file data_25.cif (mmCIF, C-alpha atoms)
data_protein
loop_
_atom_site.label_atom_id
_atom_site.label_comp_id
_atom_site.auth_asym_id
_atom_site.auth_seq_id
_atom_site.Cartn_x
_atom_site.Cartn_y
_atom_site.Cartn_z
CA MET A 1 124.24 121.96 127.36
CA GLU A 2 121.96 119.89 129.57
CA PRO A 3 119.74 117.53 127.47
CA SER A 4 116.05 118.45 127.26
CA ASN A 5 113.71 116.15 129.19
CA VAL A 6 111.08 114.93 126.73
CA PHE A 7 108.21 112.87 128.16
CA ILE A 8 106.44 110.55 125.73
CA VAL A 9 102.88 109.32 126.23
CA GLY A 10 102.60 105.76 124.92
CA LEU A 11 106.30 105.09 124.37
CA ASP A 12 107.08 101.77 122.68
CA GLU A 13 110.40 100.03 122.00
CA LYS A 14 110.29 100.35 118.21
CA ASN A 15 109.78 104.11 118.22
CA LEU A 16 112.23 104.63 121.08
CA ALA A 17 114.89 103.00 118.90
CA VAL A 18 113.99 105.36 116.04
CA LEU A 19 114.12 108.38 118.36
CA CYS A 20 117.48 107.42 119.81
CA ALA A 21 119.01 106.80 116.38
CA GLN A 22 118.05 110.19 114.91
CA PRO A 23 120.61 112.97 114.43
CA PHE A 24 121.16 115.13 117.49
CA ALA A 25 119.55 112.51 119.75
CA GLU A 26 122.14 113.37 122.40
CA ARG A 27 120.32 116.68 122.88
CA TYR A 28 117.30 114.89 124.34
CA ARG A 29 116.59 112.64 127.28
CA PHE A 30 113.48 110.55 126.58
CA HIS A 31 111.19 109.47 129.41
CA ALA A 32 108.26 107.06 129.16
CA LEU A 33 105.33 108.85 130.74
CA SER A 34 103.43 105.68 129.98
CA ALA A 35 104.05 102.57 127.91
CA TYR A 36 101.97 101.96 124.79
CA GLU A 37 100.51 98.80 126.35
CA GLU A 38 99.04 100.88 129.18
CA MET A 39 96.84 102.81 126.77
CA GLN A 40 94.48 99.85 126.54
CA ASN A 41 94.03 97.65 129.57
CA GLY A 42 92.39 94.42 128.44
CA GLY A 43 90.74 96.21 125.53
CA GLU A 44 89.46 99.05 127.72
CA VAL A 45 90.78 102.62 127.80
CA PRO A 46 91.14 103.64 131.48
CA LEU A 47 91.57 107.32 130.66
CA PRO A 48 90.82 109.00 134.03
CA GLY A 49 93.21 106.71 135.90
CA LEU A 50 95.91 107.06 133.25
CA LEU A 51 95.69 110.83 133.33
CA ASP A 52 95.87 111.00 137.14
CA ARG A 53 98.93 108.76 137.24
CA MET A 54 100.74 110.74 134.54
CA GLU A 55 100.08 114.01 136.35
CA ARG A 56 101.56 112.56 139.53
CA THR A 57 104.61 111.31 137.63
CA LEU A 58 105.28 114.77 136.24
CA GLU A 59 104.64 116.46 139.59
CA GLU A 60 107.17 114.16 141.28
CA PHE A 61 109.85 114.46 138.59
CA PRO A 62 112.93 116.05 140.21
CA GLY A 63 114.25 117.75 137.07
CA ARG A 64 113.04 120.22 134.48
CA ILE A 65 110.06 119.19 132.34
CA ASP A 66 110.71 120.48 128.82
CA ALA A 67 108.10 118.72 126.69
CA VAL A 68 105.26 116.20 126.65
CA VAL A 69 104.57 114.58 123.28
CA GLY A 70 102.86 111.57 121.70
CA TYR A 71 102.49 110.01 118.27
CA TRP A 72 99.49 107.68 118.73
CA ASP A 73 95.77 108.10 118.23
CA PHE A 74 93.25 108.43 121.05
CA PRO A 75 93.70 108.46 123.98
CA VAL A 76 97.31 109.65 123.54
CA SER A 77 96.30 112.45 121.18
CA THR A 78 93.99 114.00 123.79
CA ILE A 79 96.15 113.31 126.85
CA VAL A 80 99.03 115.35 125.42
CA PRO A 81 97.19 118.73 125.21
CA ILE A 82 95.64 118.19 128.65
CA LEU A 83 99.08 117.65 130.20
CA CYS A 84 100.70 120.46 128.23
CA ARG A 85 98.14 122.94 129.53
CA ARG A 86 98.40 121.57 133.08
CA PHE A 87 102.19 122.05 133.17
CA GLY A 88 102.52 125.16 131.00
CA LEU A 89 104.19 123.42 128.07
CA ARG A 90 104.02 124.13 124.35
CA GLY A 91 101.40 121.96 122.66
CA PRO A 92 98.12 121.99 120.73
CA ASP A 93 94.85 123.24 122.16
CA LEU A 94 92.53 120.45 123.35
CA GLU A 95 89.51 121.83 121.49
CA ALA A 96 91.40 121.87 118.19
CA VAL A 97 92.53 118.30 118.75
CA VAL A 98 88.98 117.16 119.50
CA LYS A 99 87.72 118.95 116.37
CA CYS A 100 89.99 116.55 114.47
CA GLU A 101 89.22 113.49 116.59
CA HIS A 102 85.41 113.77 116.60
CA LYS A 103 84.58 112.67 113.05
CA TYR A 104 81.27 114.53 112.89
CA TRP A 105 82.68 117.79 114.31
CA SER A 106 85.63 117.48 111.93
CA ARG A 107 83.32 117.15 108.92
CA LEU A 108 81.34 120.22 109.99
CA GLU A 109 84.55 122.27 110.19
CA GLN A 110 85.91 120.94 106.89
CA ARG A 111 82.69 121.83 105.09
CA LYS A 112 83.14 125.49 106.01
CA VAL A 113 86.33 125.90 103.94
CA ILE A 114 86.54 123.10 101.33
CA GLU A 115 84.31 121.20 98.91
CA GLU A 116 86.43 118.04 98.94
CA CYS A 117 84.52 116.07 101.55
CA PRO A 118 81.75 113.49 101.04
CA ARG A 119 78.10 113.83 101.98
CA PHE A 120 77.63 112.70 105.57
CA ALA A 121 75.08 112.48 108.37
CA LEU A 122 74.70 111.07 111.86
CA VAL A 123 73.15 107.63 112.22
CA ASP A 124 70.25 106.99 114.58
CA LEU A 125 71.54 103.83 116.28
CA ASP A 126 68.16 103.23 117.91
CA GLY A 127 66.04 104.14 114.92
CA PRO A 128 65.08 102.43 111.64
CA ALA A 129 67.86 100.39 110.08
CA LYS A 130 68.18 102.46 106.93
CA PRO A 131 70.69 105.11 105.79
CA PRO A 132 70.15 108.78 106.59
CA GLU A 133 68.14 110.59 103.95
CA GLY A 134 70.19 111.90 101.04
CA LEU A 135 73.05 109.38 101.22
CA ARG A 136 73.61 106.81 98.50
CA TYR A 137 75.38 103.45 98.61
CA PRO A 138 78.20 102.56 98.97
CA ILE A 139 78.40 104.09 102.43
CA TRP A 140 80.90 103.90 105.26
CA ILE A 141 79.51 103.42 108.78
CA LYS A 142 81.87 104.40 111.61
CA PRO A 143 81.73 105.71 115.19
CA VAL A 144 82.55 109.39 115.63
CA LYS A 145 85.51 108.17 117.68
CA SER A 146 87.51 105.24 116.37
CA TYR A 147 90.97 104.49 115.03
CA SER A 148 92.74 101.99 112.75
CA SER A 149 89.38 101.41 111.02
CA GLU A 150 87.96 99.71 114.12
CA LEU A 151 84.18 99.29 113.72
CA ALA A 152 84.32 100.91 110.28
CA PHE A 153 82.25 99.11 107.66
CA ARG A 154 81.72 99.70 103.96
CA VAL A 155 78.14 98.78 103.13
CA ALA A 156 76.45 98.43 99.75
CA ASP A 157 72.82 97.65 100.61
CA ASP A 158 70.24 97.73 103.38
CA THR A 159 71.15 94.29 104.72
CA GLN A 160 74.82 95.18 105.12
CA TYR A 161 73.83 98.52 106.60
CA GLU A 162 71.68 96.86 109.26
CA GLU A 163 74.45 94.38 110.13
CA ALA A 164 77.07 97.13 110.38
CA VAL A 165 74.92 99.34 112.59
CA ALA A 166 74.30 96.39 114.93
CA GLU A 167 78.05 95.79 115.31
CA VAL A 168 78.76 99.47 115.90
CA ARG A 169 75.97 99.67 118.47
CA GLU A 170 77.48 96.74 120.36
CA GLY A 171 81.07 98.00 120.44
CA ILE A 172 80.82 101.77 120.34
CA GLY A 173 81.22 102.25 124.08
CA ARG A 174 84.80 100.92 124.22
CA LEU A 175 86.19 104.19 122.89
CA GLY A 176 83.04 106.29 123.10
CA GLU A 177 82.81 106.29 126.89
CA PRO A 178 86.39 107.49 127.55
CA PHE A 179 86.02 109.98 124.70
CA GLU A 180 83.08 111.53 126.50
CA PHE A 181 85.39 112.05 129.50
CA VAL A 182 87.40 114.35 127.21
CA LEU A 183 84.35 116.07 125.72
CA ASP A 184 83.20 116.97 129.24
CA ARG A 185 86.28 119.25 129.51
CA LEU A 186 85.09 121.46 126.63
CA ASP A 187 82.36 124.00 125.98
CA LEU A 188 80.85 122.21 123.00
CA PRO A 189 78.66 123.62 120.23
CA PRO A 190 75.03 122.47 120.67
CA GLU A 191 75.12 119.99 117.76
CA ILE A 192 78.28 118.29 119.13
CA ALA A 193 77.00 118.25 122.69
CA GLU A 194 73.81 116.61 121.47
CA ALA A 195 75.69 113.98 119.45
CA GLY A 196 78.15 113.17 122.25
CA GLY A 197 81.03 110.71 122.04
CA GLN A 198 79.00 107.58 121.33
CA ALA A 199 77.42 108.66 118.07
CA CYS A 200 77.80 107.04 114.67
CA LEU A 201 78.53 108.67 111.34
CA ALA A 202 77.52 107.60 107.83
CA GLU A 203 79.22 109.05 104.80
CA GLU A 204 79.34 108.25 101.11
CA ALA A 205 82.37 106.23 100.05
CA LEU A 206 85.26 107.99 98.33
CA THR A 207 87.11 106.51 95.39
CA GLY A 208 90.60 106.71 93.96
CA GLU A 209 94.15 106.33 95.18
CA GLN A 210 94.62 106.86 98.91
CA VAL A 211 97.37 109.18 100.16
CA THR A 212 98.39 110.85 103.40
CA VAL A 213 99.62 114.43 103.66
CA GLU A 214 102.04 115.02 106.56
CA GLY A 215 102.68 118.48 107.94
CA TYR A 216 102.87 120.70 110.99
CA SER A 217 101.62 123.98 112.36
CA PHE A 218 104.21 125.97 114.30
CA ASP A 219 103.42 129.38 115.76
CA GLY A 220 100.68 129.82 113.17
CA ARG A 221 102.81 128.71 110.20
CA ILE A 222 101.30 125.69 108.46
CA GLU A 223 103.70 123.59 106.39
CA VAL A 224 103.34 120.34 104.44
CA TYR A 225 106.56 118.31 104.28
CA GLY A 226 105.59 115.03 102.63
CA VAL A 227 102.94 112.99 100.82
CA VAL A 228 102.80 109.22 101.40
CA ASP A 229 100.93 106.78 99.14
CA SER A 230 98.66 104.20 100.79
CA VAL A 231 98.27 101.15 98.55
CA ASN A 232 95.49 98.64 99.31
CA TYR A 233 95.28 94.91 98.72
CA PRO A 234 93.47 94.53 95.39
CA GLY A 235 89.69 94.53 95.80
CA THR A 236 89.81 95.47 99.50
CA SER A 237 89.96 98.52 101.76
CA SER A 238 92.87 97.01 103.76
CA PHE A 239 96.32 98.59 103.47
CA LEU A 240 99.05 96.62 101.70
CA ARG A 241 101.77 99.25 102.12
CA TYR A 242 102.64 102.88 102.79
CA GLN A 243 105.14 104.23 100.27
CA TYR A 244 107.21 107.44 100.32
CA PRO A 245 107.69 109.63 98.39
CA SER A 246 104.34 109.72 96.63
CA ALA A 247 104.09 108.89 92.94
CA LEU A 248 101.31 111.46 92.42
CA PRO A 249 101.96 114.31 89.96
CA GLY A 250 103.40 117.45 91.51
CA ALA A 251 100.32 119.53 90.67
CA VAL A 252 98.08 117.09 92.58
CA GLN A 253 100.40 117.18 95.57
CA GLU A 254 100.30 120.99 95.57
CA ARG A 255 96.51 120.90 95.53
CA LEU A 256 96.51 118.49 98.47
CA ALA A 257 98.83 120.80 100.38
CA ASP A 258 96.54 123.78 99.76
CA ILE A 259 93.45 121.91 100.96
CA SER A 260 95.35 120.73 104.04
CA ARG A 261 96.47 124.22 105.00
CA ARG A 262 92.92 125.57 104.74
CA VAL A 263 91.47 122.79 106.89
CA ILE A 264 94.14 123.04 109.60
CA ALA A 265 93.71 126.81 109.74
CA GLN A 266 89.92 126.45 110.09
CA ILE A 267 90.24 123.88 112.88
CA GLY A 268 92.78 126.06 114.68
CA LEU A 269 95.35 123.33 115.21
CA ASP A 270 98.70 124.89 116.13
CA ASN A 271 101.99 123.77 117.65
CA SER A 272 101.31 120.26 116.43
CA THR A 273 102.13 117.85 113.67
CA PHE A 274 99.23 116.53 111.60
CA CYS A 275 98.44 114.00 108.91
CA ILE A 276 95.41 114.13 106.62
CA GLU A 277 94.18 111.19 104.58
CA TYR A 278 92.73 111.67 101.09
CA PHE A 279 91.43 109.81 98.07
CA CYS A 280 92.55 111.06 94.66
CA ASP A 281 90.61 109.89 91.61
CA MET A 282 93.11 110.41 88.80
CA ASP A 283 90.51 109.75 86.07
CA SER A 284 88.04 112.40 87.19
CA GLY A 285 90.43 114.71 89.01
CA ARG A 286 88.28 114.54 92.16
CA ILE A 287 89.90 114.72 95.59
CA GLY A 288 88.08 113.56 98.73
CA LEU A 289 89.24 114.22 102.28
CA LEU A 290 88.90 111.11 104.44
CA GLU A 291 90.03 112.23 107.89
CA VAL A 292 92.21 114.68 109.79
CA ASN A 293 94.61 113.43 112.49
CA PRO A 294 96.17 115.87 115.02
CA ARG A 295 99.45 113.95 114.99
CA HIS A 296 102.02 112.70 112.52
CA SER A 297 102.07 109.00 111.62
CA GLN A 298 104.54 106.90 113.56
CA SER A 299 104.09 104.29 110.82
CA HIS A 300 105.88 106.68 108.46
CA ALA A 301 108.84 107.42 110.74
CA GLU A 302 111.26 104.95 109.16
CA LEU A 303 110.16 105.96 105.67
CA PHE A 304 111.14 109.59 106.21
CA GLU A 305 114.35 108.47 107.90
CA GLN A 306 115.38 106.28 104.95
CA VAL A 307 114.56 108.89 102.29
CA ASP A 308 115.10 112.27 103.99
CA GLY A 309 117.64 111.25 106.61
CA VAL A 310 115.53 112.20 109.64
CA PRO A 311 112.33 110.54 110.98
CA ASN A 312 109.18 112.65 111.21
CA HIS A 313 109.38 112.27 115.01
CA ASN A 314 112.04 114.96 114.94
CA ARG A 315 109.53 117.62 113.92
CA LEU A 316 107.23 116.68 116.80
CA ILE A 317 110.02 117.16 119.33
CA SER A 318 111.26 120.39 117.76
CA ILE A 319 107.79 121.93 117.91
CA ALA A 320 107.31 120.91 121.55
CA LEU A 321 110.63 122.56 122.44
CA GLY A 322 109.91 125.71 120.46
CA GLU A 323 112.56 124.95 117.83
CA ASP A 324 112.19 125.39 114.07
CA PRO A 325 110.89 122.04 112.72
CA ARG A 326 112.08 122.57 109.13
CA LEU A 327 114.35 119.75 107.92
CA PRO A 328 116.13 118.87 104.64
CA HIS A 329 114.60 116.51 102.07
CA GLY A 330 116.25 113.69 100.18
CA GLN A 331 119.27 113.36 102.44
CA GLY A 332 118.70 109.70 103.38
CA PRO A 333 120.46 106.60 101.98
CA TYR A 334 117.55 105.45 99.76
CA ALA A 335 115.32 106.97 97.09
CA ILE A 336 112.12 105.15 98.10
CA ALA A 337 110.82 103.34 101.20
CA ALA A 338 107.72 101.41 102.25
CA LYS A 339 106.02 99.85 105.23
CA TRP A 340 104.16 96.67 104.22
CA PHE A 341 101.26 95.08 106.12
CA LEU A 342 101.27 91.32 105.69
CA ARG A 343 97.66 90.25 106.28
CA ARG A 344 95.40 87.23 106.25
CA PHE A 345 91.76 87.70 105.29
CA ALA A 346 90.44 84.52 106.94
CA ASP A 347 90.67 83.09 110.43
CA GLY A 348 93.10 80.28 111.16
CA ARG A 349 95.65 78.95 113.60
CA VAL A 350 99.30 79.78 112.94
CA THR A 351 101.23 76.50 112.83
CA HIS A 352 104.61 77.95 111.87
CA ARG A 353 106.60 81.10 111.32
CA ALA A 354 110.34 81.70 111.07
CA ASP A 355 112.09 82.19 114.40
CA ASP A 356 113.63 85.50 115.43
CA GLU A 357 117.19 84.37 114.65
CA ALA A 358 116.23 83.57 111.05
CA LEU A 359 114.60 86.97 110.67
CA GLU A 360 117.65 88.72 112.12
CA ARG A 361 119.83 86.95 109.55
CA LEU A 362 117.47 88.05 106.79
CA CYS A 363 117.68 91.71 107.83
CA ALA A 364 121.48 91.47 108.07
CA GLU A 365 121.71 89.95 104.59
CA ILE A 366 119.41 92.42 102.81
CA PRO A 367 120.18 96.12 103.43
CA GLY A 368 117.12 98.29 103.92
CA VAL A 369 114.89 95.51 105.28
CA LYS A 370 113.33 95.20 108.74
CA VAL A 371 110.73 92.58 109.72
CA ILE A 372 108.43 92.77 112.75
CA PRO A 373 106.23 89.66 113.20
CA LEU A 374 102.98 90.35 115.07
CA VAL A 375 101.77 86.79 115.74
CA ASP A 376 103.48 83.62 116.93
CA ALA A 377 102.99 79.94 116.17
CA ASP A 378 99.95 78.33 117.79
CA THR A 379 98.00 81.59 117.70
CA ARG A 380 94.37 81.55 116.59
CA LEU A 381 93.92 84.81 114.66
CA SER A 382 90.39 85.39 115.92
CA ASP A 383 91.76 85.25 119.50
CA LEU A 384 93.94 88.31 118.95
CA PRO A 385 92.86 91.26 121.16
CA GLN A 386 91.53 93.10 118.10
CA ALA A 387 91.93 93.14 114.36
CA THR A 388 93.42 96.33 112.95
CA ASP A 389 90.51 96.73 110.60
CA SER A 390 87.13 95.07 110.25
CA TYR A 391 88.18 92.71 107.47
CA SER A 392 91.65 91.26 108.09
CA TYR A 393 94.30 90.12 110.57
CA GLU A 394 97.84 91.54 110.52
CA LEU A 395 100.62 88.97 110.57
CA ALA A 396 103.72 91.16 110.24
CA HIS A 397 105.08 94.58 109.36
CA VAL A 398 107.85 94.60 106.77
CA TYR A 399 109.93 97.71 106.08
CA THR A 400 111.86 97.96 102.83
CA ALA A 401 113.97 100.76 101.36
CA ALA A 402 115.50 100.73 97.90
CA ALA A 403 116.76 102.61 94.86
CA ASP A 404 113.51 102.07 92.94
CA GLU A 405 110.09 100.39 93.21
CA ARG A 406 111.19 97.18 91.52
CA GLU A 407 113.88 96.63 94.13
CA LEU A 408 111.41 97.63 96.85
CA ARG A 409 108.98 94.89 95.79
CA ASP A 410 111.74 92.30 95.41
CA LYS A 411 112.92 92.87 98.97
CA TYR A 412 109.37 92.48 100.27
CA THR A 413 108.86 89.22 98.36
CA ARG A 414 112.04 87.80 99.87
CA ALA A 415 110.99 88.88 103.36
CA VAL A 416 107.54 87.27 103.03
CA ALA A 417 109.11 84.01 101.90
CA ALA A 418 111.52 84.10 104.84
CA LEU A 419 108.70 84.65 107.34
CA ASP A 420 107.20 81.34 106.18
CA PHE A 421 103.79 81.65 107.84
CA ARG A 422 101.67 78.48 107.71
CA PHE A 423 98.11 77.83 108.90
CA ASP A 424 96.19 74.74 109.95
CA ASP A 425 93.27 75.40 107.58
CA ASP A 426 95.49 75.96 104.54
CA PRO A 427 98.32 73.40 104.62
CA GLY A 428 101.21 74.20 102.35
CA ALA A 429 100.22 77.84 101.90
CA GLY A 430 102.73 80.34 103.17
CA ALA A 431 102.28 84.01 103.89
CA GLY A 432 102.50 84.94 100.26
CA SER A 433 99.04 83.50 99.69
CA THR A 434 97.43 85.99 102.04
CA GLY A 435 97.79 88.78 99.52
CA LYS A 436 95.59 86.93 97.01
CA GLU A 437 92.54 86.64 99.22
CA THR A 438 89.86 89.27 98.86
CA GLY A 439 87.40 88.63 101.67
CA ARG A 440 87.39 87.66 105.29
CA ALA A 441 85.69 84.36 106.06
#
call {"tool": "encode", "arguments": {"input": "data_25.cif", "output": "structure tokens"}}
result
Amino acid sequence: MEPSNVFIVGLDEKNLAVLCAQPFAERYRFHALSAYEEMQNGGEVPLPGLLDRMERTLEEFPGRIDAVVGYWDFPVSTIVPILCRRFGLRGPDLEAVVKCEHKYWSRLEQRKVIEECPRFALVDLDGPAKPPEGLRYPIWIKPVKSYSSELAFRVADDTQYEEAVAEVREGIGRLGEPFEFVLDRLDLPPEIAEAGGQACLAEEALTGEQVTVEGYSFDGRIEVYGVVDSVNYPGTSSFLRYQYPSALPGAVQERLADISRRVIAQIGLDNSTFCIEYFCDMDSGRIGLLEVNPRHSQSHAELFEQVDGVPNHNRLISIALGEDPRLPHGQGPYAIAAKWFLRRFADGRVTHRADDEALERLCAEIPGVKVIPLVDADTRLSDLPQATDSYSYELAHVYTAAADERELRDKYTRAVAALDFRFDDDPGAGAGSTGKETGRA
């Protein structure tokens, strides 16, 4: 049988390796419709030009076009349904995707079918520097279109609120302007049309343990296939690791699955993977929905592969090709897996890190470990194109898989020591010290 031609928007080397290593990979021929680096050109998102070039690439392709997929946030998430409709391919509806992507529209839809969402309101960026009426501190301030916590600020008083709104006002156009290019393709409800793509949302902070529910909707059937724990650095809102499978009680996971199915059905997302982020307060029993993403998490791909035997990418491709996305559970080589985010919470210049050969030896010596450094020696952290959240700088991603959590942590500790990050403003402190800091200087 001739392999299916699968075009990927925002293809990167790490995920291509995961895709090619999955079972039955010989059934697919993967094509880069664009590289991940092209999604942001010097910090900008040149969406109209990107879309035109991708359409020409598909029009000029000499073979059969079987699928167009993507596993990244905006603009990839919105490009995929536009191209699928243009070329008659299976994929999600653009309006449903935007209902997820536009944080205010998403909240309005969620509120129709669940009670597990915080109080929220739009922020008047040009008005008085005080929270919308009815909201109580602590509050999160965020653009209606952002990702990876960019321009998202947790504020506890009027001074912090004013500072956060000023920063959002200054940077909101980077994603807001190209997002409005997408909104212009839809017949929007009056309240969304009035808000536009460069609006700002305020919502009361949620508390508890953070988790992500992964699932898919295929020909109207909504399924949840995994729950991943998101563990923060102590005293911060910055992720320390993603861990699968979740340690939450089964009854809580069933409740999360039920909420997720109701929200996805209300939004109308179909023929798509999804992931929904929640907070679960185990003391009170309260669940709060943080956000809905019309894609699975590529950050979780290796975790599912190590535990279940197949990365979550496989479901994305199966759906796009009209194949049943159901897969077995627990068929991988390990019982538990994690992706760790090694961070620094203060600026500094990197004076040393282990070279690539040393890291390759580490991964060869310790089964179930993979290390991806994100910064090199002589790098000033504040000169990086952008921080992944508003409070920290990522130094490396470390993947570990193990028989239990104790072994999982031990492998991470050994990997951090081997990375051997050092900084000019903290002589003698390696990467392990970054986990003890609680605030960005």
call {"tool": "residues_around", "arguments": {"input": "data_25.cif", "residues": "A:Ala257", "least_positions_apart": "3", "cutoff": "10 Å", "atoms": "all atoms listed in the file", "output": "MDAnalysis selection string"}}
result
chainID A and resid 213:215 222:227 251:254 260:262 276
call {"tool": "atom_distance", "arguments": {"input": "data_25.cif", "atom1": "atom CA of A:Asp124", "atom2": "atom CA of A:Arg107"}}
result
17.5 Å
call {"tool": "closest_residue", "arguments": {"input": "data_25.cif", "among": "A:Ile192, A:Leu83, A:Leu125, A:Ala320", "to": "A:Gly171", "atoms": "only C-alpha atoms"}}
result
A:Leu125
call {"tool": "closest_residue", "arguments": {"input": "data_25.cif", "among": "A:Pro367, A:Glu291, A:Gly91, A:Arg119", "to": "A:Lys145", "atoms": "all atoms listed in the file"}}
result
A:Glu291
call {"tool": "atom_distance", "arguments": {"input": "data_25.cif", "atom1": "atom CA of A:Glu150", "atom2": "atom CA of A:Ser390"}}
result
6.1 Å
call {"tool": "resolve_selection", "arguments": {"input": "data_25.cif", "expression": "the PyMOL selection byres ((chain A and resi 335-343) around 7)", "output": "ChimeraX atom specification"}}
result
/A:239-245,303,306-307,334,344-345,392-404,434-435
call {"tool": "resolve_selection", "arguments": {"input": "data_25.cif", "expression": "the PyMOL selection byres ((chain A and resi 149) around 12)", "output": "count of residues only"}}
result
28
call {"tool": "residues_near_point", "arguments": {"input": "data_25.cif", "point": "(81.1, 104.0, 99.4)", "cutoff": "10 Å", "atoms": "all atoms listed in the file", "output": "PyMOL selection string"}}
result
chain A and resi 118+135-141+153-156+202-207
call {"tool": "resolve_selection", "arguments": {"input": "data_25.cif", "expression": "the PyMOL selection byres ((chain A and resi 310) around 10)", "output": "list in words"}}
result
Val18, Leu19, Ala21, Gln22, Pro23, Ala301, Glu302, Leu303, Phe304, Glu305, Gln306, Val307, Asp308, Gly309, Pro311, Asn312, His313, Asn314, Arg315, Leu327, Pro328, His329, Gly330, Gln331 and Gly332 of chain A
call {"tool": "atom_distance", "arguments": {"input": "data_25.cif", "atom1": "atom CA of A:Met1", "atom2": "atom CA of A:Ala25"}}
result
13.0 Å
call {"tool": "residues_around", "arguments": {"input": "data_25.cif", "residues": "A:Val80", "least_positions_apart": "4", "cutoff": "8 Å", "atoms": "only C-alpha atoms", "output": "ChimeraX atom specification"}}
result
/A:9,68-70,76,84,91
call {"tool": "residues_around", "arguments": {"input": "data_25.cif", "residues": "A:His31", "least_positions_apart": "2", "cutoff": "12 Å", "atoms": "only C-alpha atoms", "output": "JSON list (two decimals) with C-alpha atoms, in the frame of the given file"}}
result
[["chain", "number", "residue", "atom", "x", "y", "z"],
["A", 3, "PRO", "CA", 119.74, 117.53, 127.47],
["A", 4, "SER", "CA", 116.05, 118.45, 127.26],
["A", 5, "ASN", "CA", 113.71, 116.15, 129.19],
["A", 6, "VAL", "CA", 111.08, 114.93, 126.73],
["A", 7, "PHE", "CA", 108.21, 112.87, 128.16],
["A", 8, "ILE", "CA", 106.44, 110.55, 125.73],
["A", 9, "VAL", "CA", 102.88, 109.32, 126.23],
["A", 10, "GLY", "CA", 102.60, 105.76, 124.92],
["A", 11, "LEU", "CA", 106.30, 105.09, 124.37],
["A", 12, "ASP", "CA", 107.08, 101.77, 122.68],
["A", 16, "LEU", "CA", 112.23, 104.63, 121.08],
["A", 19, "LEU", "CA", 114.12, 108.38, 118.36],
["A", 20, "CYS", "CA", 117.48, 107.42, 119.81],
["A", 28, "TYR", "CA", 117.30, 114.89, 124.34],
["A", 29, "ARG", "CA", 116.59, 112.64, 127.28],
["A", 33, "LEU", "CA", 105.33, 108.85, 130.74],
["A", 34, "SER", "CA", 103.43, 105.68, 129.98],
["A", 35, "ALA", "CA", 104.05, 102.57, 127.91],
["A", 54, "MET", "CA", 100.74, 110.74, 134.54],
["A", 57, "THR", "CA", 104.61, 111.31, 137.63],
["A", 58, "LEU", "CA", 105.28, 114.77, 136.24],
["A", 61, "PHE", "CA", 109.85, 114.46, 138.59],
["A", 63, "GLY", "CA", 114.25, 117.75, 137.07],
["A", 65, "ILE", "CA", 110.06, 119.19, 132.34],
["A", 66, "ASP", "CA", 110.71, 120.48, 128.82],
["A", 67, "ALA", "CA", 108.10, 118.72, 126.69],
["A", 68, "VAL", "CA", 105.26, 116.20, 126.65],
["A", 69, "VAL", "CA", 104.57, 114.58, 123.28],
["A", 70, "GLY", "CA", 102.86, 111.57, 121.70]]
call {"tool": "decode", "arguments": {"input": "data_25.cif", "residues": "stretch 237-247 of chain A", "atoms": "N, CA and C atoms", "output": "PDB file, in the first residue's frame"}}
result
ATOM      1  N   SER A 237       4.179  29.849  39.835  1.00  0.00           N
ATOM      2  CA  SER A 237       3.225  29.346  38.844  1.00  0.00           C
ATOM      3  C   SER A 237       3.951  28.751  37.641  1.00  0.00           C
ATOM      4  N   SER A 238       5.262  28.501  37.761  1.00  0.00           N
ATOM      5  CA  SER A 238       6.079  27.982  36.661  1.00  0.00           C
ATOM      6  C   SER A 238       6.191  26.462  36.758  1.00  0.00           C
ATOM      7  N   PHE A 239       5.996  25.776  35.622  1.00  0.00           N
ATOM      8  CA  PHE A 239       6.020  24.326  35.621  1.00  0.00           C
ATOM      9  C   PHE A 239       7.404  23.777  35.949  1.00  0.00           C
ATOM     10  N   LEU A 240       7.443  22.791  36.841  1.00  0.00           N
ATOM     11  CA  LEU A 240       8.648  22.011  37.100  1.00  0.00           C
ATOM     12  C   LEU A 240       8.656  20.764  36.228  1.00  0.00           C
ATOM     13  N   ARG A 241       7.505  20.062  36.142  1.00  0.00           N
ATOM     14  CA  ARG A 241       7.455  18.865  35.306  1.00  0.00           C
ATOM     15  C   ARG A 241       6.013  18.532  34.939  1.00  0.00           C
ATOM     16  N   TYR A 242       5.867  17.794  33.818  1.00  0.00           N
ATOM     17  CA  TYR A 242       4.639  17.094  33.477  1.00  0.00           C
ATOM     18  C   TYR A 242       4.870  15.622  33.814  1.00  0.00           C
ATOM     19  N   GLN A 243       3.884  14.967  34.394  1.00  0.00           N
ATOM     20  CA  GLN A 243       4.073  13.580  34.814  1.00  0.00           C
ATOM     21  C   GLN A 243       2.857  12.742  34.438  1.00  0.00           C
ATOM     22  N   TYR A 244       3.114  11.583  33.831  1.00  0.00           N
ATOM     23  CA  TYR A 244       2.040  10.685  33.370  1.00  0.00           C
ATOM     24  C   TYR A 244       2.374   9.259  33.787  1.00  0.00           C
ATOM     25  N   PRO A 245       1.391   8.503  34.268  1.00  0.00           N
ATOM     26  CA  PRO A 245      -0.018   8.861  34.447  1.00  0.00           C
ATOM     27  C   PRO A 245      -0.245   9.693  35.700  1.00  0.00           C
ATOM     28  N   SER A 246      -1.414  10.311  35.786  1.00  0.00           N
ATOM     29  CA  SER A 246      -1.743  11.170  36.914  1.00  0.00           C
ATOM     30  C   SER A 246      -1.849  10.363  38.205  1.00  0.00           C
ATOM     31  N   ALA A 247      -1.501  11.026  39.305  1.00  0.00           N
ATOM     32  CA  ALA A 247      -1.644  10.414  40.625  1.00  0.00           C
ATOM     33  C   ALA A 247      -2.991  10.736  41.258  1.00  0.00           C
TER      34      ALA A 247
END
